[in-house]
Amino acid sequence: MGFLDSILGKTRLPEAKTDKLFAISTAAITLDANLGYKADGAAGVCIKPMESSRYEAARAEIEELLKISIKETGTEYKIHKDEYNYVWVVFADPDFEDLVTNIQMVSQILMEQGFGTQLLAAVYRFRGEAVIYWIYNFKLGSYYPFVPASDRQRDTSREFRLKALMEKEMPIEKDESKWYPMWGMPL
Amino acid sequence: MLLTMGLLAVLYLGFLAVLLSMHVSQMVIILFMGGFMFLQYFYSDKMILRSMDAKIVTESEEPELHQIVSRLCANADLPMPKIAIVKTSMPNAFATGRNQKNAVVAVTTGIMARLDNNELEAVLAHELTHVKNRDMMVMTVATFLSSMAQILVQWLPFFGGGSRDDRDSGSNFIVLFLVSLVVWIVSFILIRTLSRYREFAADRGSAIMTGQPSHLVSALKKISGFKVPTEDLRKVEGPVSALFITPAISGSSFMRLFSTHPTLEARIAALQNIEMELEA
């Protein structure tokens, strides 16, 4: 949002950027080969729901397409509302590429229907020395690592290490103040 | 809003022109006031937090609040403000800070107890929009020359205009006094009008950021049903105080023109319009 917009008090949510979303595919190979983190068969998209019948229509379309899509890929999915009233589409599939495809599909439909602004994040879970998450922020168009430790604490040193090691492999958000934690994820 | 801002700018330019055509001695006041406003602009956030007895809380102290705000910020690509809590049963929330980087969003324990997570999110989004819209800066700029005029009106009768040798000083003084008086009164109305526009804009921002205008409607209804004790907060009602969700002082609505916030009915009507827009 520009300076003039803010002075005049206009609010627009930024559009989603999906061009870097696929970067996780190649990054997953490096994560496994070099760092020992394997894709954990779980991923999800986090969406800010909206009070609008058009949004409801888009949601219904996504569910229709998901039913078709999972027949081809064998992916399981469930739709979940978290404690902050955000909607999650959570996928389970041992094939990582299928996870990426399904997440891409959901974000694509929402954008086509004009609800790209409601896309918050895509999340992929990996497992190695620890359980780590790569969070894709649709508004920034970049990834960042999120490693929850016990009791709502983050393992920040591991997160920084992941950043340092993966920086060349995937677009990682440079502004660390935007590495927002996501507690209470349904995956 | 643009019209109000334009009228203020024209008024102030005229005022400045009159001031500049007067004696140099008045320029000293301008510089003095400028310095004062500058300090206020820089330190107001700390002053507000102290006067409200607001305590900045960390993420581990208030994980829920941080999670609500950080998700809103991530979704709107805004920098994350600091979060503060005021221990009072009075339900309110405010934002302060001279820019986005120094912003603080505060809620009272009263509002947290009264609202559910959805409504609290709507209120926080309203405050975040104040930060995003740079309302602190806009209102500081808007009030600057108005405060000048006010001071001139209050002090001129005691100090008179310039030296005694100057034959024109008497008439100059009267002109300056009258001009200041007019500028003060007109700018006061314009500033309050501007303030109400900024509140509408913050409500709209909340509706867009949350995607759920109805959450703010129910939050506003819940908060305004609560009778606010007045004496507690008199000091808050300064020139640039803080950007509250509802007026700090529940002045009876006898003069709508002078109120900083639109009426509850007007705000709810505006939010219902946004609800219709989201449908279209």
# chains A, B, ... in the order shown; residues from 1 in each chain; ligands from 1
>>> residues_around(residues="B:Thr96", least_positions_apart="2", cutoff="7 Å", atoms="only C-alpha atoms", output="PyMOL selection string")
chain B and resi 45+94+98+103-105+136+242-243
>>> closest_atom_pairs(of="chain B", to="chain A", cutoff="8 Å", atoms="only C-alpha atoms", output="Markdown table")
| residue | atom | partner | partner_atom | distance |
| --- | --- | --- | --- | --- |
| B:Met1 | CA | A:Leu8 | CA | 7.3 |
| B:Leu2 | CA | A:Leu8 | CA | 7.2 |
| B:Ser60 | CA | A:Arg152 | CA | 7.4 |
| B:Gln67 | CA | A:Met182 | CA | 7.3 |
| B:Ile68 | CA | A:Tyr84 | CA | 6.9 |
| B:Ser70 | CA | A:Tyr180 | CA | 6.3 |
| B:Arg71 | CA | A:Tyr180 | CA | 7.6 |
| B:Ala74 | CA | A:Leu120 | CA | 7.1 |
| B:Asn75 | CA | A:Leu120 | CA | 5.3 |
| B:Ala76 | CA | A:Leu13 | CA | 5.2 |
| B:Asp77 | CA | A:Lys139 | CA | 6.2 |
| B:Pro79 | CA | A:Lys178 | CA | 7.5 |
| B:Met80 | CA | A:Ser177 | CA | 7.8 |
| B:Asn117 | CA | A:Tyr84 | CA | 6.8 |
| B:Asn118 | CA | A:Tyr84 | CA | 7.3 |
| B:Thr129 | CA | A:Thr11 | CA | 7.7 |
| B:Lys132 | CA | A:Ser6 | CA | 6.2 |
| B:Asn133 | CA | A:Ser6 | CA | 4.1 |
| B:Arg134 | CA | A:Ile7 | CA | 6.5 |
| B:Asp135 | CA | A:Ile7 | CA | 7.6 |
| B:Val138 | CA | A:Ile7 | CA | 7.2 |
| B:Arg198 | CA | A:Gly9 | CA | 6.7 |
| B:Ala201 | CA | A:Gly9 | CA | 5.4 |
| B:Ala202 | CA | A:Gly9 | CA | 7.4 |
| B:Arg204 | CA | A:Thr11 | CA | 7.4 |
| B:Gly205 | CA | A:Thr11 | CA | 5.2 |
| B:Ile208 | CA | A:Thr11 | CA | 7.2 |
| B:Met209 | CA | A:Leu13 | CA | 6.8 |
| B:Thr210 | CA | A:Lys48 | CA | 7.5 |
| B:Gly211 | CA | A:Met50 | CA | 4.4 |
| B:Gln212 | CA | A:Glu51 | CA | 5.3 |
| B:Pro213 | CA | A:Glu51 | CA | 7.7 |
| B:Glu275 | CA | A:Glu51 | CA | 7.4 |
| B:Leu278 | CA | A:Ser52 | CA | 5.8 |
| B:Glu279 | CA | A:Ser52 | CA | 5.1 |
>>> write_last_selection(atoms="C-alpha atoms", output="PDB file, in the first residue's frame")
ATOM      1  CA  MET B   1     -11.796  13.535   3.509  1.00  0.00           C
ATOM      2  CA  LEU B   2      -9.787  15.128   0.697  1.00  0.00           C
ATOM      3  CA  SER B  60       5.180 -15.138  25.800  1.00  0.00           C
ATOM      4  CA  GLN B  67      -0.958 -14.264  17.253  1.00  0.00           C
ATOM      5  CA  ILE B  68      -4.051 -12.244  16.290  1.00  0.00           C
ATOM      6  CA  SER B  70       0.830 -10.944  13.674  1.00  0.00           C
ATOM      7  CA  ARG B  71      -1.571 -12.775  11.394  1.00  0.00           C
ATOM      8  CA  ALA B  74       1.251 -10.840   7.752  1.00  0.00           C
ATOM      9  CA  ASN B  75      -1.924 -10.816   5.686  1.00  0.00           C
ATOM     10  CA  ALA B  76      -1.789  -7.060   5.071  1.00  0.00           C
ATOM     11  CA  ASP B  77       2.026  -6.895   4.848  1.00  0.00           C
ATOM     12  CA  PRO B  79       5.181  -4.178  10.212  1.00  0.00           C
ATOM     13  CA  MET B  80       4.270  -5.711  13.547  1.00  0.00           C
ATOM     14  CA  ASN B 117     -11.424 -13.403  19.816  1.00  0.00           C
ATOM     15  CA  ASN B 118     -13.209 -12.367  16.621  1.00  0.00           C
ATOM     16  CA  THR B 129      -5.385   0.745  10.316  1.00  0.00           C
ATOM     17  CA  LYS B 132      -1.069   2.114   8.672  1.00  0.00           C
ATOM     18  CA  ASN B 133      -2.863   5.361   7.760  1.00  0.00           C
ATOM     19  CA  ARG B 134      -0.282   7.362   9.750  1.00  0.00           C
ATOM     20  CA  ASP B 135      -3.083   9.023  11.649  1.00  0.00           C
ATOM     21  CA  VAL B 138      -1.832  13.376   9.909  1.00  0.00           C
ATOM     22  CA  ARG B 198     -10.120   8.857   9.941  1.00  0.00           C
ATOM     23  CA  ALA B 201     -11.387   4.863   7.399  1.00  0.00           C
ATOM     24  CA  ALA B 202     -10.095   2.779  10.315  1.00  0.00           C
ATOM     25  CA  ARG B 204     -13.300   0.248   6.846  1.00  0.00           C
ATOM     26  CA  GLY B 205      -9.712  -0.954   7.166  1.00  0.00           C
ATOM     27  CA  ILE B 208     -11.230  -5.313   4.918  1.00  0.00           C
ATOM     28  CA  MET B 209      -8.407  -6.739   7.013  1.00  0.00           C
ATOM     29  CA  THR B 210     -10.658  -9.120   8.908  1.00  0.00           C
ATOM     30  CA  GLY B 211     -12.974  -9.778   5.977  1.00  0.00           C
ATOM     31  CA  GLN B 212     -15.793  -9.675   8.526  1.00  0.00           C
ATOM     32  CA  PRO B 213     -17.423  -6.268   9.055  1.00  0.00           C
ATOM     33  CA  GLU B 275     -20.840  -5.712   3.942  1.00  0.00           C
ATOM     34  CA  LEU B 278     -18.156  -7.410  -0.196  1.00  0.00           C
ATOM     35  CA  GLU B 279     -21.186  -9.119  -1.699  1.00  0.00           C
TER      36      GLU B 279
END
>>> residues_around(residues="stretch 4-18 of chain B", least_positions_apart="6", cutoff="9 Å", atoms="only C-alpha atoms", output="PyMOL selection string")
chain B and resi 142+145-146+149+175-176+179-180+183+186-187+190-191+193-194
>>> write_last_selection(atoms="C-alpha atoms", output="CSV table (one decimal), in the first residue's frame")
chain,number,residue,atom,x,y,z
B,142,ALA,CA,-3.5,19.0,11.1
B,145,LEU,CA,-1.4,25.7,13.3
B,146,SER,CA,-4.7,25.3,15.0
B,149,ALA,CA,-3.9,30.1,16.6
B,175,VAL,CA,-6.2,42.0,13.0
B,176,LEU,CA,-4.0,39.2,14.2
B,179,VAL,CA,-7.6,36.2,12.3
B,180,SER,CA,-6.3,33.8,14.9
B,183,VAL,CA,-8.6,30.2,12.2
B,186,VAL,CA,-12.8,27.0,11.8
B,187,SER,CA,-9.8,24.7,12.1
B,190,LEU,CA,-12.3,20.9,10.3
B,191,ILE,CA,-10.0,18.9,12.5
B,193,THR,CA,-14.4,16.4,10.9
B,194,LEU,CA,-11.1,15.0,9.7
>>> closest_atom_pairs(of="stretch 75-120 of chain A", to="stretch 31-45 of chain A", cutoff="8 Å", atoms="only C-alpha atoms", output="CSV")
residue,atom,partner,partner_atom,distance
A:Trp88,CA,A:Val45,CA,5.5
A:Val89,CA,A:Val45,CA,5.3
A:Val90,CA,A:Gly44,CA,4.2
A:Phe91,CA,A:Ala43,CA,5.3
A:Ala92,CA,A:Ala42,CA,4.7
A:Asp93,CA,A:Gly41,CA,4.9
A:Pro94,CA,A:Gly41,CA,4.5
A:Asp95,CA,A:Gly41,CA,6.8
A:Phe96,CA,A:Gly41,CA,6.5
A:Leu99,CA,A:Ala43,CA,6.4
A:Ile103,CA,A:Val45,CA,6.5
A:Val106,CA,A:Val45,CA,7.9
A:Ser107,CA,A:Val45,CA,7.9
A:Leu119,CA,A:Val45,CA,7.8
A:Leu120,CA,A:Val45,CA,7.7
>>> residues_around(residues="A:Lys20", least_positions_apart="5", cutoff="12 Å", atoms="only C-alpha atoms", output="list in words")
Ser25, Thr26, Ala27, Val100, Gln104, Ala122, Tyr136, Asn137, Phe138, Lys139, Leu140, Gly141, Ser142, Tyr143, Glu169, Met170, Pro171, Ile172 and Glu173 of chain A
>>> residues_around(residues="B:Met33", least_positions_apart="3", cutoff="9 Å", atoms="only C-alpha atoms", output="list in words")
Val28, Ile29, Ile30, Phe36, Met37, Phe38, Phe144, Leu145, Ser147 and Met148 of chain B
>>> write_last_selection(atoms="N, CA and C atoms", output="PDB file, in the first residue's frame")
ATOM      1  N   VAL B  28       8.796  34.258  16.464  1.00  0.00           N
ATOM      2  CA  VAL B  28       9.432  33.545  17.570  1.00  0.00           C
ATOM      3  C   VAL B  28       8.475  32.510  18.148  1.00  0.00           C
ATOM      4  N   ILE B  29       7.197  32.940  18.262  1.00  0.00           N
ATOM      5  CA  ILE B  29       6.202  32.024  18.809  1.00  0.00           C
ATOM      6  C   ILE B  29       6.068  30.804  17.903  1.00  0.00           C
ATOM      7  N   ILE B  30       6.069  31.076  16.587  1.00  0.00           N
ATOM      8  CA  ILE B  30       5.930  29.960  15.641  1.00  0.00           C
ATOM      9  C   ILE B  30       7.061  28.957  15.850  1.00  0.00           C
ATOM     10  N   PHE B  36       7.917  22.724  20.096  1.00  0.00           N
ATOM     11  CA  PHE B  36       7.074  22.016  21.054  1.00  0.00           C
ATOM     12  C   PHE B  36       6.313  20.870  20.388  1.00  0.00           C
ATOM     13  N   MET B  37       5.727  21.184  19.225  1.00  0.00           N
ATOM     14  CA  MET B  37       4.969  20.156  18.519  1.00  0.00           C
ATOM     15  C   MET B  37       5.878  19.016  18.079  1.00  0.00           C
ATOM     16  N   PHE B  38       7.088  19.382  17.673  1.00  0.00           N
ATOM     17  CA  PHE B  38       8.048  18.378  17.240  1.00  0.00           C
ATOM     18  C   PHE B  38       8.349  17.409  18.385  1.00  0.00           C
ATOM     19  N   PHE B 144      -1.343  21.386  14.181  1.00  0.00           N
ATOM     20  CA  PHE B 144      -0.224  22.254  14.509  1.00  0.00           C
ATOM     21  C   PHE B 144      -0.601  23.741  14.500  1.00  0.00           C
ATOM     22  N   LEU B 145      -1.066  24.232  13.338  1.00  0.00           N
ATOM     23  CA  LEU B 145      -1.357  25.667  13.256  1.00  0.00           C
ATOM     24  C   LEU B 145      -2.612  26.044  14.039  1.00  0.00           C
ATOM     25  N   SER B 147      -3.300  24.856  16.998  1.00  0.00           N
ATOM     26  CA  SER B 147      -2.821  25.132  18.359  1.00  0.00           C
ATOM     27  C   SER B 147      -2.130  26.482  18.421  1.00  0.00           C
ATOM     28  N   MET B 148      -1.407  26.800  17.349  1.00  0.00           N
ATOM     29  CA  MET B 148      -0.778  28.120  17.237  1.00  0.00           C
ATOM     30  C   MET B 148      -1.812  29.217  17.401  1.00  0.00           C
TER      31      MET B 148
END
>>> atom_distance(atom1="atom CA of B:Glu119", atom2="atom CA of A:Glu176")
29.0 Å
>>> select_by_dssp(residues="stretch 111-163 of chain A", states="alpha helix (DSSP H)", output="ChimeraX atom specification")
/A:111-112,156-163
>>> write_last_selection(atoms="N, CA and C atoms", output="short mmCIF file (atom, residue, chain, number, x, y, z; two decimals), in the first residue's frame")
data_model
loop_
_atom_site.label_atom_id
_atom_site.label_comp_id
_atom_site.auth_asym_id
_atom_site.auth_seq_id
_atom_site.Cartn_x
_atom_site.Cartn_y
_atom_site.Cartn_z
N MET A 111 -7.29 -17.21 -6.23
CA MET A 111 -6.84 -16.02 -6.95
C MET A 111 -7.71 -15.76 -8.16
N GLU A 112 -8.06 -16.82 -8.89
CA GLU A 112 -8.91 -16.65 -10.07
C GLU A 112 -10.26 -16.05 -9.70
N THR A 156 14.99 -20.63 17.65
CA THR A 156 15.44 -19.63 16.67
C THR A 156 16.82 -19.94 16.10
N SER A 157 17.68 -20.56 16.91
CA SER A 157 19.02 -20.83 16.38
C SER A 157 18.92 -21.85 15.24
N ARG A 158 18.02 -22.80 15.38
CA ARG A 158 17.84 -23.76 14.29
C ARG A 158 17.24 -23.06 13.06
N GLU A 159 16.34 -22.13 13.33
CA GLU A 159 15.74 -21.40 12.20
C GLU A 159 16.79 -20.62 11.43
N PHE A 160 17.71 -19.97 12.17
CA PHE A 160 18.76 -19.19 11.49
C PHE A 160 19.71 -20.10 10.72
N ARG A 161 19.98 -21.27 11.30
CA ARG A 161 20.85 -22.22 10.63
C ARG A 161 20.20 -22.68 9.31
N LEU A 162 18.90 -22.97 9.39
CA LEU A 162 18.19 -23.39 8.18
C LEU A 162 18.23 -22.30 7.11
N LYS A 163 18.09 -21.07 7.58
CA LYS A 163 18.14 -19.96 6.63
C LYS A 163 19.50 -19.92 5.94
#
>>> residues_around(residues="B:Met52", least_positions_apart="3", cutoff="7 Å", atoms="only C-alpha atoms", output="CSV table (one decimal) with C-alpha atoms, in the first residue's frame")
chain,number,residue,atom,x,y,z
B,48,ILE,CA,0.6,8.4,26.2
B,49,LEU,CA,1.7,5.0,27.4
B,86,VAL,CA,-3.8,-1.3,30.3
>>> atom_distance(atom1="atom CA of A:Gly116", atom2="atom CA of A:Met185")
20.6 Å
>>> select_by_dssp(residues="chain A", states="strand (DSSP E)", output="PyMOL selection string")
chain A and resi 38-47+76-81+87-92+119-127+131-137+142-146
>>> residues_around(residues="A:Met105", least_positions_apart="5", cutoff="9 Å", atoms="only C-alpha atoms", output="PDB file with C-alpha atoms, in the first residue's frame")
ATOM      1  CA  ILE A  62     -12.456 -25.610  -4.188  1.00  0.00           C
ATOM      2  CA  LEU A  65     -12.155 -29.662  -7.364  1.00  0.00           C
ATOM      3  CA  LEU A  66     -10.439 -31.186  -4.364  1.00  0.00           C
ATOM      4  CA  VAL A 100       2.720 -29.047  -3.785  1.00  0.00           C
ATOM      5  CA  LEU A 110      -8.880 -18.453  -4.864  1.00  0.00           C
TER       6      LEU A 110
END
